[in-house]
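Chemist: Dropping in input.cif, with mmCIF, C-alpha atoms.
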```
data_coords
#
loop_
_atom_site.label_atom_id
_atom_site.label_comp_id
_atom_site.auth_asym_id
_atom_site.auth_seq_id
_atom_site.Cartn_x
_atom_site.Cartn_y
_atom_site.Cartn_z
CA MET A 229 -128.91 -185.45 70.62
CA LEU A 230 -126.66 -188.36 69.70
CA PHE A 231 -123.90 -188.33 67.09
CA THR A 232 -125.54 -191.38 65.52
CA SER A 233 -129.02 -189.87 65.08
CA ASN A 234 -130.36 -188.84 61.68
CA ALA A 235 -131.07 -185.39 63.09
CA PHE A 236 -127.39 -184.93 63.94
CA LEU A 237 -125.83 -186.52 60.86
CA PHE A 238 -128.06 -185.01 58.19
CA THR A 239 -129.39 -181.80 59.73
CA PHE A 240 -127.62 -180.43 62.80
CA LEU A 241 -123.94 -181.03 61.92
CA PRO A 242 -124.19 -179.84 58.28
CA ALA A 243 -126.19 -176.76 59.35
CA VAL A 244 -123.73 -175.77 62.10
CA LEU A 245 -120.75 -176.28 59.79
CA ILE A 246 -122.32 -174.14 57.06
CA VAL A 247 -123.17 -171.34 59.46
CA TYR A 248 -119.76 -171.53 61.13
CA TYR A 249 -117.83 -171.20 57.86
CA ILE A 250 -120.11 -168.44 56.53
CA VAL A 251 -120.05 -166.05 59.48
CA PRO A 252 -117.12 -163.61 59.84
CA ARG A 253 -114.21 -164.55 62.10
CA PRO A 254 -115.32 -162.43 65.12
CA PHE A 255 -118.65 -164.33 65.27
CA LYS A 256 -117.44 -167.91 64.81
CA ASN A 257 -117.26 -168.66 68.53
CA LEU A 258 -120.75 -167.26 69.03
CA ALA A 259 -122.09 -169.37 66.17
CA LEU A 260 -120.48 -172.51 67.59
CA LEU A 261 -121.80 -171.69 71.07
CA CYS A 262 -125.34 -171.26 69.77
CA GLY A 263 -125.07 -174.59 68.01
CA SER A 264 -123.79 -176.18 71.21
CA LEU A 265 -126.75 -174.88 73.21
CA VAL A 266 -129.16 -176.28 70.62
CA PHE A 267 -127.34 -179.62 70.79
CA TYR A 268 -127.49 -179.68 74.59
CA GLY A 269 -131.14 -178.68 74.82
CA TRP A 270 -132.40 -180.87 71.99
CA GLY A 271 -133.98 -183.50 74.24
CA GLU A 272 -133.84 -181.73 77.62
CA PRO A 273 -134.38 -177.98 77.07
CA GLU A 274 -135.11 -177.43 80.75
CA HIS A 275 -131.48 -178.26 81.60
CA ILE A 276 -130.12 -175.36 79.56
CA LEU A 277 -130.80 -173.04 82.49
CA LEU A 278 -128.64 -175.20 84.77
CA LEU A 279 -125.82 -175.16 82.21
CA LEU A 280 -126.05 -171.39 81.79
CA PHE A 281 -126.02 -171.01 85.59
CA PHE A 282 -122.76 -172.96 85.76
CA ILE A 283 -121.24 -170.86 83.02
CA GLY A 284 -122.28 -167.57 84.62
CA PHE A 285 -121.23 -168.79 88.07
CA TYR A 286 -117.71 -169.68 86.95
CA TYR A 287 -117.39 -166.57 84.80
CA CYS A 288 -118.06 -164.31 87.80
CA LEU A 289 -115.91 -166.35 90.19
CA GLY A 290 -113.05 -166.38 87.71
CA LEU A 291 -113.03 -162.60 87.52
CA LEU A 292 -113.31 -162.37 91.30
CA ALA A 293 -110.43 -164.82 91.79
CA GLU A 294 -108.17 -162.91 89.42
CA GLY A 295 -108.99 -159.64 91.13
CA SER A 296 -108.02 -161.05 94.54
CA ARG A 297 -104.97 -163.01 93.38
CA ARG A 298 -102.61 -160.97 95.57
CA ASN A 299 -104.60 -162.12 98.59
CA LYS A 300 -103.82 -165.85 98.76
CA ARG A 301 -106.33 -166.54 101.53
CA ALA A 302 -109.15 -164.85 99.63
CA THR A 303 -108.32 -166.83 96.49
CA GLU A 304 -108.35 -170.06 98.46
CA ARG A 305 -111.76 -169.19 99.89
CA ILE A 306 -113.14 -168.50 96.43
CA MET A 307 -111.75 -171.78 95.16
CA ALA A 308 -113.17 -173.69 98.15
CA PHE A 309 -116.58 -172.07 97.70
CA ALA A 310 -116.63 -173.00 94.02
CA ALA A 311 -115.59 -176.57 94.83
CA VAL A 312 -118.22 -177.07 97.55
CA LEU A 313 -121.07 -175.64 95.50
CA SER A 314 -120.09 -177.55 92.34
CA LEU A 315 -119.63 -180.81 94.22
CA GLY A 316 -122.92 -180.32 96.04
CA VAL A 317 -124.91 -179.73 92.86
CA PHE A 318 -123.15 -182.62 91.12
CA VAL A 319 -123.75 -185.07 93.98
CA PHE A 320 -127.39 -184.02 94.25
CA PHE A 321 -128.07 -184.74 90.60
CA LYS A 322 -125.87 -187.84 90.62
CA TRP A 323 -128.16 -189.45 93.17
CA LYS A 324 -131.28 -188.17 91.43
CA THR A 325 -131.27 -187.82 87.66
CA LEU A 326 -128.04 -186.58 86.14
CA PRO A 327 -128.65 -184.08 83.30
CA PHE A 328 -127.10 -184.97 79.98
CA GLY A 329 -123.43 -184.01 79.83
CA MET A 330 -123.18 -182.73 83.41
CA SER A 331 -120.42 -185.20 84.35
CA PHE A 332 -118.27 -183.60 81.68
CA TYR A 333 -119.05 -179.90 81.76
CA VAL A 334 -118.59 -179.73 85.54
CA LEU A 335 -115.05 -181.11 85.16
CA ARG A 336 -114.24 -178.66 82.38
CA ALA A 337 -115.59 -175.77 84.43
CA TRP A 338 -113.46 -176.78 87.40
CA SER A 339 -110.38 -177.03 85.19
CA TYR A 340 -110.89 -173.38 84.26
CA MET A 341 -111.51 -172.26 87.83
CA ALA A 342 -108.53 -174.13 89.28
CA ASP A 343 -106.16 -172.79 86.62
CA VAL A 344 -107.29 -169.21 87.26
CA CYS A 345 -106.98 -169.53 91.04
CA ARG A 346 -103.49 -171.02 90.71
CA GLY A 347 -102.38 -168.28 88.38
CA LYS A 348 -101.84 -170.70 85.49
CA ALA A 349 -104.41 -168.91 83.35
CA LYS A 350 -106.00 -165.49 83.20
CA ALA A 351 -109.70 -165.11 83.87
CA GLN A 352 -111.73 -165.14 80.68
CA LYS A 353 -113.11 -161.66 80.03
CA ASN A 354 -115.29 -162.79 77.13
CA PRO A 355 -118.27 -164.81 78.45
CA VAL A 356 -118.87 -166.33 75.01
CA ASP A 357 -115.37 -167.82 74.92
CA LEU A 358 -115.72 -169.31 78.41
CA ALA A 359 -119.17 -170.68 77.59
CA LEU A 360 -117.80 -172.25 74.43
CA TYR A 361 -115.08 -174.07 76.39
CA ILE A 362 -117.54 -175.42 78.96
CA ALA A 363 -120.40 -176.27 76.59
CA MET A 364 -118.73 -177.09 73.26
CA PHE A 365 -121.04 -179.70 71.76
CA PRO A 366 -118.49 -182.21 70.38
CA GLN A 367 -117.27 -182.87 73.93
CA MET A 368 -120.61 -182.54 75.70
CA ALA A 369 -121.86 -186.10 75.34
CA ALA A 370 -118.81 -188.14 76.33
CA GLY A 371 -115.64 -186.06 76.40
CA PRO A 372 -112.71 -185.98 75.92
CA ILE A 373 -112.28 -183.85 79.03
CA VAL A 374 -110.03 -181.16 77.58
CA LEU A 375 -108.11 -179.17 80.20
CA TYR A 376 -108.52 -175.41 79.94
CA GLY A 377 -104.81 -174.85 79.53
CA ASP A 378 -104.77 -177.12 76.47
CA VAL A 379 -107.44 -175.23 74.56
CA GLN A 380 -107.55 -171.62 75.77
CA GLY A 381 -105.27 -170.45 72.97
CA GLN A 382 -107.35 -172.24 70.33
CA ILE A 383 -110.57 -170.68 71.61
CA ALA A 384 -109.06 -167.23 71.17
CA GLU A 385 -107.42 -167.94 67.82
CA ARG A 386 -107.28 -170.98 65.53
CA LYS A 387 -106.94 -171.71 61.85
CA GLU A 388 -109.32 -173.84 59.86
CA SER A 389 -108.20 -175.55 56.65
CA TRP A 390 -109.59 -178.04 54.17
CA GLY A 391 -106.82 -180.45 55.07
CA ARG A 392 -107.74 -180.33 58.76
CA PHE A 393 -111.43 -180.57 57.85
CA GLY A 394 -110.75 -183.73 55.81
CA GLU A 395 -108.74 -185.28 58.64
CA GLY A 396 -111.57 -184.53 61.02
CA ALA A 397 -114.16 -186.06 58.71
CA MET A 398 -112.13 -189.27 58.35
CA LEU A 399 -111.60 -189.50 62.10
CA PHE A 400 -115.33 -188.98 62.65
CA LEU A 401 -116.16 -191.80 60.24
CA LYS A 402 -113.58 -194.06 61.88
CA GLY A 403 -115.19 -193.41 65.25
CA LEU A 404 -118.66 -193.94 63.82
CA ALA A 405 -117.61 -197.37 62.53
CA GLU A 406 -116.08 -198.28 65.89
CA TYR A 407 -119.24 -197.31 67.70
CA VAL A 408 -121.90 -198.57 65.29
CA LEU A 409 -120.27 -201.71 63.88
CA LEU A 410 -117.60 -203.05 66.24
CA SER A 411 -119.10 -202.11 69.60
CA ALA A 412 -122.50 -203.44 68.61
CA ALA A 413 -121.02 -206.73 67.41
CA ALA A 414 -119.38 -207.33 70.79
CA SER A 415 -122.51 -206.35 72.70
CA TYR A 416 -124.51 -209.30 71.31
CA THR A 417 -122.22 -211.87 72.90
CA PHE A 418 -122.16 -209.95 76.17
CA GLU A 419 -125.96 -209.80 76.27
CA ALA A 420 -126.22 -213.49 75.41
CA VAL A 421 -124.10 -214.39 78.45
CA THR A 422 -125.70 -211.97 80.92
CA ALA A 423 -129.19 -213.12 79.86
CA LEU A 424 -128.42 -216.60 81.25
CA LYS A 425 -129.19 -217.59 84.81
CA PRO A 426 -126.05 -217.89 86.99
CA SER A 427 -126.57 -221.66 87.25
CA GLN A 428 -126.32 -221.85 83.44
CA VAL A 429 -123.05 -219.92 83.15
CA SER A 430 -119.77 -221.81 83.08
CA ALA A 431 -116.41 -220.24 83.86
CA LEU A 432 -115.65 -220.22 80.12
CA SER A 433 -118.92 -218.43 79.32
CA ALA A 434 -118.34 -215.89 82.10
CA TRP A 435 -114.89 -215.00 80.75
CA ILE A 436 -116.31 -214.80 77.22
CA GLY A 437 -118.98 -212.40 78.46
CA CYS A 438 -116.36 -210.23 80.16
CA PHE A 439 -114.13 -210.16 77.08
CA ALA A 440 -117.15 -209.23 74.95
CA TYR A 441 -117.93 -206.36 77.31
CA ALA A 442 -114.29 -205.26 77.21
CA PHE A 443 -114.48 -204.87 73.43
CA TYR A 444 -117.98 -203.38 73.59
CA ILE A 445 -117.04 -200.59 75.97
CA TYR A 446 -113.65 -199.97 74.34
CA PHE A 447 -115.03 -199.44 70.85
CA ALA A 448 -117.94 -197.41 72.25
CA PHE A 449 -115.65 -195.11 74.27
CA SER A 450 -112.92 -194.91 71.65
CA GLY A 451 -115.43 -194.48 68.84
CA TYR A 452 -117.29 -191.65 70.50
CA SER A 453 -114.01 -189.97 71.42
CA ASP A 454 -112.79 -190.20 67.84
CA MET A 455 -116.05 -188.72 66.58
CA SER A 456 -115.72 -185.87 69.07
CA ILE A 457 -112.10 -185.14 68.19
CA GLY A 458 -112.93 -185.39 64.48
CA ILE A 459 -115.76 -182.86 64.78
CA GLY A 460 -113.44 -180.55 66.68
CA LYS A 461 -110.92 -180.74 63.83
CA MET A 462 -113.64 -179.68 61.39
CA PHE A 463 -113.98 -176.48 63.42
CA GLY A 464 -110.22 -175.96 63.66
CA PHE A 465 -109.56 -177.45 67.12
CA GLU A 466 -106.73 -179.87 67.82
CA THR A 467 -107.32 -182.29 70.70
CA ARG A 468 -105.08 -184.98 72.14
CA LYS A 469 -106.01 -188.58 71.47
CA ASN A 470 -108.06 -190.21 74.21
CA PHE A 471 -107.21 -193.89 73.66
CA ALA A 472 -103.93 -195.54 72.65
CA TYR A 473 -104.65 -199.27 72.14
CA PRO A 474 -105.03 -199.98 75.88
CA TYR A 475 -105.48 -203.76 75.60
CA GLY A 476 -101.88 -204.07 74.49
CA ALA A 477 -100.64 -202.65 77.80
CA ARG A 478 -97.91 -204.47 79.74
CA SER A 479 -99.12 -203.36 83.19
CA VAL A 480 -102.19 -201.86 84.78
CA THR A 481 -100.28 -198.59 85.05
CA ASP A 482 -99.60 -198.74 81.33
CA PHE A 483 -103.27 -199.55 80.70
CA TRP A 484 -104.41 -196.39 82.47
CA ASN A 485 -101.85 -194.38 80.54
CA ARG A 486 -103.67 -195.53 77.39
CA TRP A 487 -107.35 -195.72 78.48
CA TYR A 488 -109.47 -192.56 78.57
CA ILE A 489 -106.33 -190.46 78.81
CA SER A 490 -108.13 -187.15 79.32
CA LEU A 491 -110.02 -188.43 82.37
CA ARG A 492 -106.85 -189.71 84.00
CA ARG A 493 -105.07 -186.41 83.29
CA TRP A 494 -107.91 -184.42 84.85
CA PHE A 495 -107.96 -186.43 88.08
CA GLN A 496 -104.19 -186.43 88.28
CA GLU A 497 -103.99 -182.65 87.84
CA TYR A 498 -106.92 -181.56 90.00
CA VAL A 499 -107.31 -184.34 92.59
CA TYR A 500 -104.21 -186.50 93.06
CA LEU A 501 -101.50 -183.83 92.89
CA PRO A 502 -103.27 -181.36 95.22
CA ALA A 503 -104.06 -184.19 97.66
CA ALA A 504 -100.54 -185.66 97.53
CA GLY A 505 -98.70 -182.35 97.52
CA ARG A 506 -96.96 -181.30 94.34
CA THR A 507 -93.58 -181.39 96.01
CA ALA A 508 -94.03 -184.92 97.38
CA ARG A 509 -91.71 -187.58 96.04
CA GLY A 510 -92.91 -191.03 95.05
CA MET A 511 -96.48 -192.23 95.29
CA ASN A 512 -98.79 -190.96 98.01
CA VAL A 513 -100.87 -194.06 98.76
CA PRO A 514 -103.81 -192.38 100.57
CA ALA A 515 -104.05 -189.74 97.82
CA MET A 516 -103.91 -192.43 95.14
CA LEU A 517 -106.69 -194.52 96.72
CA PHE A 518 -108.81 -191.41 97.35
CA THR A 519 -108.39 -190.34 93.72
CA TRP A 520 -109.43 -193.72 92.40
CA LEU A 521 -112.38 -193.87 94.75
CA LEU A 522 -113.57 -190.59 93.24
CA ILE A 523 -112.96 -191.90 89.71
CA GLY A 524 -115.14 -194.88 90.50
CA LEU A 525 -117.93 -192.74 92.00
CA TRP A 526 -117.73 -190.35 89.05
CA HIS A 527 -118.77 -193.26 86.85
CA GLY A 528 -121.70 -194.13 89.08
CA ALA A 529 -123.08 -193.59 92.58
CA SER A 530 -122.97 -197.24 93.65
CA TRP A 531 -120.88 -199.53 95.82
CA ASN A 532 -119.60 -201.60 92.93
CA MET A 533 -118.29 -198.45 91.20
CA ALA A 534 -116.56 -197.42 94.41
CA VAL A 535 -114.98 -200.87 94.74
CA TRP A 536 -114.02 -200.78 91.05
CA GLY A 537 -112.15 -197.54 91.59
CA VAL A 538 -110.36 -198.72 94.74
CA TYR A 539 -109.55 -202.05 93.04
CA PHE A 540 -107.56 -200.27 90.34
CA GLY A 541 -106.06 -197.88 92.85
CA LEU A 542 -104.70 -200.83 94.84
CA LEU A 543 -103.29 -202.45 91.70
CA LEU A 544 -101.47 -199.24 90.82
CA VAL A 545 -100.07 -198.97 94.34
CA ILE A 546 -98.88 -202.61 94.24
CA GLU A 547 -97.24 -202.14 90.85
CA ARG A 548 -95.46 -199.01 92.03
CA ALA A 549 -94.25 -200.86 95.14
CA LEU A 550 -92.88 -203.64 92.93
CA SER A 551 -91.27 -201.07 90.60
CA GLY A 552 -93.13 -202.23 87.53
CA ASN A 553 -95.73 -204.95 87.57
CA PRO A 554 -96.11 -208.35 89.24
CA ALA A 555 -95.36 -210.09 85.95
CA GLY A 556 -91.82 -208.75 85.89
CA GLU A 557 -90.01 -208.01 82.65
CA LEU A 558 -91.62 -210.76 80.57
CA ARG A 559 -93.67 -208.93 77.95
CA LEU A 560 -96.13 -211.75 77.24
CA LEU A 561 -96.66 -212.52 80.90
CA GLY A 562 -97.11 -208.82 81.63
CA ARG A 563 -99.80 -208.50 78.97
CA ILE A 564 -101.62 -211.62 80.22
CA TYR A 565 -101.54 -210.38 83.81
CA THR A 566 -102.77 -206.91 82.78
CA LEU A 567 -105.57 -208.24 80.63
CA ALA A 568 -106.73 -210.57 83.38
CA MET A 569 -106.81 -207.77 85.97
CA VAL A 570 -108.65 -205.43 83.61
CA ILE A 571 -111.20 -208.06 82.61
CA ILE A 572 -111.98 -208.83 86.26
CA GLY A 573 -112.36 -205.10 86.79
CA TRP A 574 -114.96 -204.92 84.01
CA ALA A 575 -117.06 -207.49 85.89
CA LEU A 576 -117.23 -205.02 88.79
CA PHE A 577 -118.00 -202.22 86.34
CA PHE A 578 -120.91 -203.67 84.39
CA SER A 579 -122.66 -205.45 87.25
CA PRO A 580 -125.80 -203.72 88.57
CA SER A 581 -124.74 -204.12 92.22
CA LEU A 582 -121.77 -205.14 94.34
CA SER A 583 -123.30 -208.49 95.26
CA ALA A 584 -124.00 -209.19 91.59
CA ALA A 585 -120.39 -208.28 90.77
CA PHE A 586 -119.00 -210.71 93.35
CA LYS A 587 -121.30 -213.45 92.03
CA TYR A 588 -120.13 -212.85 88.47
CA VAL A 589 -116.46 -212.89 89.48
CA GLY A 590 -117.19 -216.17 91.29
CA LEU A 591 -118.65 -217.59 88.06
CA MET A 592 -115.41 -216.67 86.27
CA PHE A 593 -113.59 -219.05 88.61
CA GLY A 594 -116.18 -221.82 88.54
CA VAL A 595 -117.99 -220.90 91.77
CA GLY A 596 -121.76 -221.29 91.75
CA GLY A 597 -122.11 -221.80 88.01
CA HIS A 598 -122.23 -224.54 85.39
CA GLY A 599 -118.71 -225.86 85.85
CA PHE A 600 -115.66 -224.65 83.98
CA VAL A 601 -116.42 -225.57 80.36
CA ASP A 602 -119.79 -226.31 78.77
CA GLN A 603 -121.38 -226.51 75.36
CA GLN A 604 -122.73 -222.96 75.64
CA GLY A 605 -119.25 -221.51 76.05
CA LEU A 606 -117.82 -223.62 73.22
CA TYR A 607 -120.71 -222.57 70.99
CA LEU A 608 -120.04 -218.88 71.68
CA LEU A 609 -116.38 -219.38 70.79
CA ARG A 610 -117.08 -221.35 67.66
CA THR A 611 -119.82 -219.15 66.19
CA GLY A 612 -118.04 -215.94 67.11
CA ALA A 613 -114.58 -216.90 65.86
CA LEU A 614 -114.60 -214.41 62.96
CA MET A 615 -116.00 -211.66 65.16
CA TRP A 616 -113.28 -212.21 67.79
CA ALA A 617 -110.58 -212.11 65.12
CA ILE A 618 -111.91 -208.80 63.74
CA LEU A 619 -112.28 -207.23 67.18
CA ILE A 620 -108.78 -208.22 68.25
CA PHE A 621 -107.27 -207.03 64.97
CA CYS A 622 -109.05 -203.67 65.19
CA ALA A 623 -108.07 -203.18 68.85
CA THR A 624 -104.36 -203.25 67.94
CA PRO A 625 -102.18 -200.89 65.86
CA LEU A 626 -101.93 -203.56 63.14
CA LEU A 627 -104.96 -202.43 61.14
CA HIS A 628 -104.01 -198.75 61.27
CA GLY A 629 -100.42 -199.49 60.26
CA LEU A 630 -101.47 -201.72 57.37
CA TYR A 631 -103.97 -199.18 56.09
CA GLU A 632 -101.45 -196.35 56.29
CA ARG A 633 -98.96 -198.35 54.19
CA ILE A 634 -101.59 -199.18 51.58
CA ILE A 635 -103.14 -195.72 51.26
CA TYR A 636 -100.09 -193.51 51.77
CA GLY A 637 -97.53 -195.64 50.01
CA GLY A 638 -96.35 -192.83 47.74
CA LYS A 639 -98.93 -193.03 44.96
CA ARG A 640 -101.20 -190.02 44.70
CA ALA A 641 -103.93 -192.12 43.03
CA ARG A 642 -104.55 -193.87 46.34
CA ALA A 643 -106.27 -190.76 47.67
CA GLY A 644 -109.26 -191.87 45.60
CA LEU A 645 -109.15 -195.28 47.22
CA ASN A 646 -109.04 -193.60 50.62
CA CYS A 647 -112.21 -191.64 49.83
CA ALA A 648 -113.90 -194.76 48.52
CA VAL A 649 -113.08 -196.73 51.68
CA TYR A 650 -114.50 -194.04 53.95
CA GLY A 651 -117.52 -193.71 51.70
CA VAL A 652 -118.23 -197.42 52.08
CA ILE A 653 -117.74 -197.15 55.86
CA PHE A 654 -120.28 -194.33 55.99
CA LEU A 655 -122.83 -196.27 53.94
CA LEU A 656 -122.41 -199.37 56.11
CA CYS A 657 -122.92 -197.34 59.27
CA ILE A 658 -125.99 -195.61 57.88
CA ALA A 659 -127.48 -198.96 56.85
CA TYR A 660 -126.81 -200.35 60.31
CA LEU A 661 -128.31 -197.29 61.99
CA ALA A 662 -131.37 -197.43 59.75
CA ALA A 663 -131.97 -200.99 60.91
CA GLY A 664 -131.78 -199.79 64.53
CA ASP A 665 -129.43 -202.69 65.25
CA TYR A 666 -126.98 -201.04 67.62
CA GLN A 667 -126.56 -200.26 71.31
CA SER A 668 -126.75 -196.89 73.05
CA PHE A 669 -123.49 -195.49 74.31
CA PRO A 670 -122.77 -196.93 77.78
CA HIS A 671 -121.35 -193.65 79.14
CA PHE A 672 -124.66 -191.80 78.92
CA ARG A 673 -125.74 -193.32 82.24
CA PHE A 674 -122.77 -191.90 84.18
#
```
Just give me the structure as structure tokens.

Modeler:
Amino acid sequence: MLFTSNAFLFTFLPAVLIVYYIVPRPFKNLALLCGSLVFYGWGEPEHILLLLFFIGFYYCLGLLAEGSRRNKRATERIMAFAAVLSLGVFVFFKWKTLPFGMSFYVLRAWSYMADVCRGKAKAQKNPVDLALYIAMFPQMAAGPIVLYGDVQGQIAERKESWGRFGEGAMLFLKGLAEYVLLSAAASYTFEAVTALKPSQVSALSAWIGCFAYAFYIYFAFSGYSDMSIGIGKMFGFETRKNFAYPYGARSVTDFWNRWYISLRRWFQEYVYLPAAGRTARGMNVPAMLFTWLLIGLWHGASWNMAVWGVYFGLLLVIERALSGNPAGELRLLGRIYTLAMVIIGWALFFSPSLSAAFKYVGLMFGVGGHGFVDQQGLYLLRTGALMWAILIFCATPLLHGLYERIIYGGKRARAGLNCAVYGVIFLLCIAYLAAGDYQSFPHFRF
């Protein structure tokens, strides 16, 4: 089930919210878990058994690990067994057909297991609470990947309020607009460029296509994350933001501190630090490259994804070696350098194969295409000028800051304007969805 489907917007979400707020406090987690299982099994009911197996598997191993915590070697064996089995199942399905949400619930399950084995968290005695953490439906489709330590207290006890509910609803509508309106607008230009034969693509057109994809995937990822976090707020959960205007970064390191923050935190906590040694000083280059190789393969079992991951790993290593970034202290030059490196990286990311990625990067530098500038590229710039202006404006803090000053400028009457704005946003999104004129979320294929 997708957040943008009529079934979710007008049936599932209202029904789960009503049931959740009606049932007594001791049964709220159970109600939310039942709703999450319905959400997960909506289109693929056969995969519920696999999800329940994972939950039961980690529930039992967690209790076993806590019971043997005094025996360090036994705990390490339990942790290694859990890692091998989880990785094996994940790799098997990754190369076959990956069940919906598996990329995310496996990482959440491992966060729980690792924290228990390290003694950072106690084993969950209540199977419903553990199942809710692993299978909570707002985070099932595309994250954020919430670490167990960040949410274990909220699973046990949290407070709902109308204020938090309203904030969650507004954040959900903001994310819906990002996904349905902005991401879809950028996707048209990207598809127009990639539909051309390589001999018809100039360097200008190739860069335009890459920039369009950059906005497409940003507003899709950020939008879905905002919807997820907003839904969580409606149920009383507080989750860290997942994106922080990454295209304004001054270095590649800064970019990855702003882009899909929860994914970076997970790999840093459970892959890089254990591989590098938590007491090691400075950057461990082999551990960094290994981590980014895994990040690439997590996104897709292909050579171009592997190269994409190593590409960014190398950039991070180079920046660390230069104590900053190759552009130095010049802010504008740093942003240009970062944007260029990220855009080239997206060419590796969206290409169907490694050879296709290298060909596209070649087109960006005038190799094998239609020269450097042509009428097609100029046409795309000219006809899309308004779209580019809107996308750039919305990808920066400028719009948010301006809106905050207008709405929360000290006059209580502006609360009505705030409701009206979000009402219009909702109607526009519904009209767009009814026309079927939008793209599916790109992360569903990972």

Chemist: From the list A:Phe593, A:Phe282, A:Tyr268, A:Tyr376, which residue is nearest Phe328 in chain A when using only C-alpha atoms?

Modeler: A:Tyr268

Chemist: Of the candidates A:Phe577, A:Tyr631, A:Trp616, A:Trp270, which one gets nearest to Leu525 in chain A if we count only C-alpha atoms?

Modeler: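 Among the listed residues, A:Phe577 lies closest to Leu525 in chain A.
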
Chemist: So which residues touch Phe600 in chain A within 9 Å, counting all atoms listed in the file, skipping near sequence neighbours fewer than 6 positions away, as a PyMOL selection string?

Modeler: chain A and resi 429-433+591-594

Chemist: Would you mind exporting the chosen residues as a compact mmCIF listing (two decimals), in the coordinates of the input, restricted to C-alpha atoms?

Modeler:
```
# COMPACT_ATOMS: atom_id res chain seq x y z
CA VAL A 429 -123.05 -219.92 83.15
CA SER A 430 -119.77 -221.81 83.08
CA ALA A 431 -116.41 -220.24 83.86
CA LEU A 432 -115.65 -220.22 80.12
CA SER A 433 -118.92 -218.43 79.32
CA LEU A 591 -118.65 -217.59 88.06
CA MET A 592 -115.41 -216.67 86.27
CA PHE A 593 -113.59 -219.05 88.61
CA GLY A 594 -116.18 -221.82 88.54
```

Chemist: When the PyMOL selection byres ((chain A and resi 383) around 9) is applied to the structure above, which residues does it catch, written out as a list in words?

Modeler: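 Taken over the shown coordinates, the PyMOL selection byres ((chain A and resi 383) around 9) returns Asn257, Asp357, Leu358, Leu360, Tyr361, Val379, Gln380, Gly381, Gln382, Ala384, Glu385, Arg386 and Phe465 of chain A.
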
Chemist: Starting from the displayed file, determine the output of the PyMOL selection byres ((chain A and resi 305-312) around 9) and express the residue list as a VMD selection string.

Modeler: chain A and resid 285 to 286 289 to 290 292 to 293 300 to 304 313 to 317 338 341 to 342 345

Chemist: Generate the output file for the selected residues, C-alpha atoms, as a PDB file, in the frame of the given file.

Modeler:
```
ATOM      1  CA  PHE A 285    -121.230-168.790  88.070  1.00  0.00           C
ATOM      2  CA  TYR A 286    -117.710-169.680  86.950  1.00  0.00           C
ATOM      3  CA  LEU A 289    -115.910-166.350  90.190  1.00  0.00           C
ATOM      4  CA  GLY A 290    -113.050-166.380  87.710  1.00  0.00           C
ATOM      5  CA  LEU A 292    -113.310-162.370  91.300  1.00  0.00           C
ATOM      6  CA  ALA A 293    -110.430-164.820  91.790  1.00  0.00           C
ATOM      7  CA  LYS A 300    -103.820-165.850  98.760  1.00  0.00           C
ATOM      8  CA  ARG A 301    -106.330-166.540 101.530  1.00  0.00           C
ATOM      9  CA  ALA A 302    -109.150-164.850  99.630  1.00  0.00           C
ATOM     10  CA  THR A 303    -108.320-166.830  96.490  1.00  0.00           C
ATOM     11  CA  GLU A 304    -108.350-170.060  98.460  1.00  0.00           C
ATOM     12  CA  LEU A 313    -121.070-175.640  95.500  1.00  0.00           C
ATOM     13  CA  SER A 314    -120.090-177.550  92.340  1.00  0.00           C
ATOM     14  CA  LEU A 315    -119.630-180.810  94.220  1.00  0.00           C
ATOM     15  CA  GLY A 316    -122.920-180.320  96.040  1.00  0.00           C
ATOM     16  CA  VAL A 317    -124.910-179.730  92.860  1.00  0.00           C
ATOM     17  CA  TRP A 338    -113.460-176.780  87.400  1.00  0.00           C
ATOM     18  CA  MET A 341    -111.510-172.260  87.830  1.00  0.00           C
ATOM     19  CA  ALA A 342    -108.530-174.130  89.280  1.00  0.00           C
ATOM     20  CA  CYS A 345    -106.980-169.530  91.040  1.00  0.00           C
TER      21      CYS A 345
END
```

Chemist: For CA of Arg253 in chain A and CA of Asn234 in chain A, determine how far apart the two atoms are, in Å to one decimal place.

Modeler: 29.2 Å

Chemist: Calculate how many Å separate CA of Tyr475 in chain A from CA of Ile489 in chain A, rounding to one decimal.

Modeler: 13.7 Å

Chemist: Work out how far CA of Val480 in chain A is from CA of Val570 in chain A, in Å to one decimal.

Modeler: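 Rounded to one decimal, the two atoms are 7.5 Å apart.
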
Chemist: Using 5 Å of padding on each side, determine the axis-aligned box around all atoms of range 486-504 of chain A present in the file and give its centre and edge lengths in Å to one decimal, as lines of an AutoDock Vina configuration file.

Modeler:
```
center_x = -105.3
center_y = -188.5
center_z = 87.5
size_x = 19.5
size_y = 24.4
size_z = 30.3
```

Chemist: When the PyMOL selection byres ((chain A and resi 607) around 12) is applied to the structure above, which residues does it catch, written out as a ChimeraX atom specification?

Modeler: /A:417,420-421,432-433,436,601-606,608-613

Chemist: Looking at all atoms listed in the file, which of A:Leu424, A:Phe320, A:Leu404, A:Ala414 is the one that sits closest to Leu614 in chain A?

Modeler: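 Of A:Leu424, A:Phe320, A:Leu404, A:Ala414, the one nearest Leu614 in chain A is A:Ala414, counting all atoms listed in the file.
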
Chemist: For Gly295 in chain A, which of A:Leu245, A:Pro273, A:Val251, A:Gly347 is the closest residue, counting all atoms listed in the file?

Modeler: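 Among the listed residues, A:Gly347 lies closest to Gly295 in chain A.
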
Chemist: Taking only C-alpha atoms into account, name the residue in A:Val538, A:Ala423, A:Met229, A:Val319 that is nearest to Trp526 in chain A.

Modeler: A:Val319
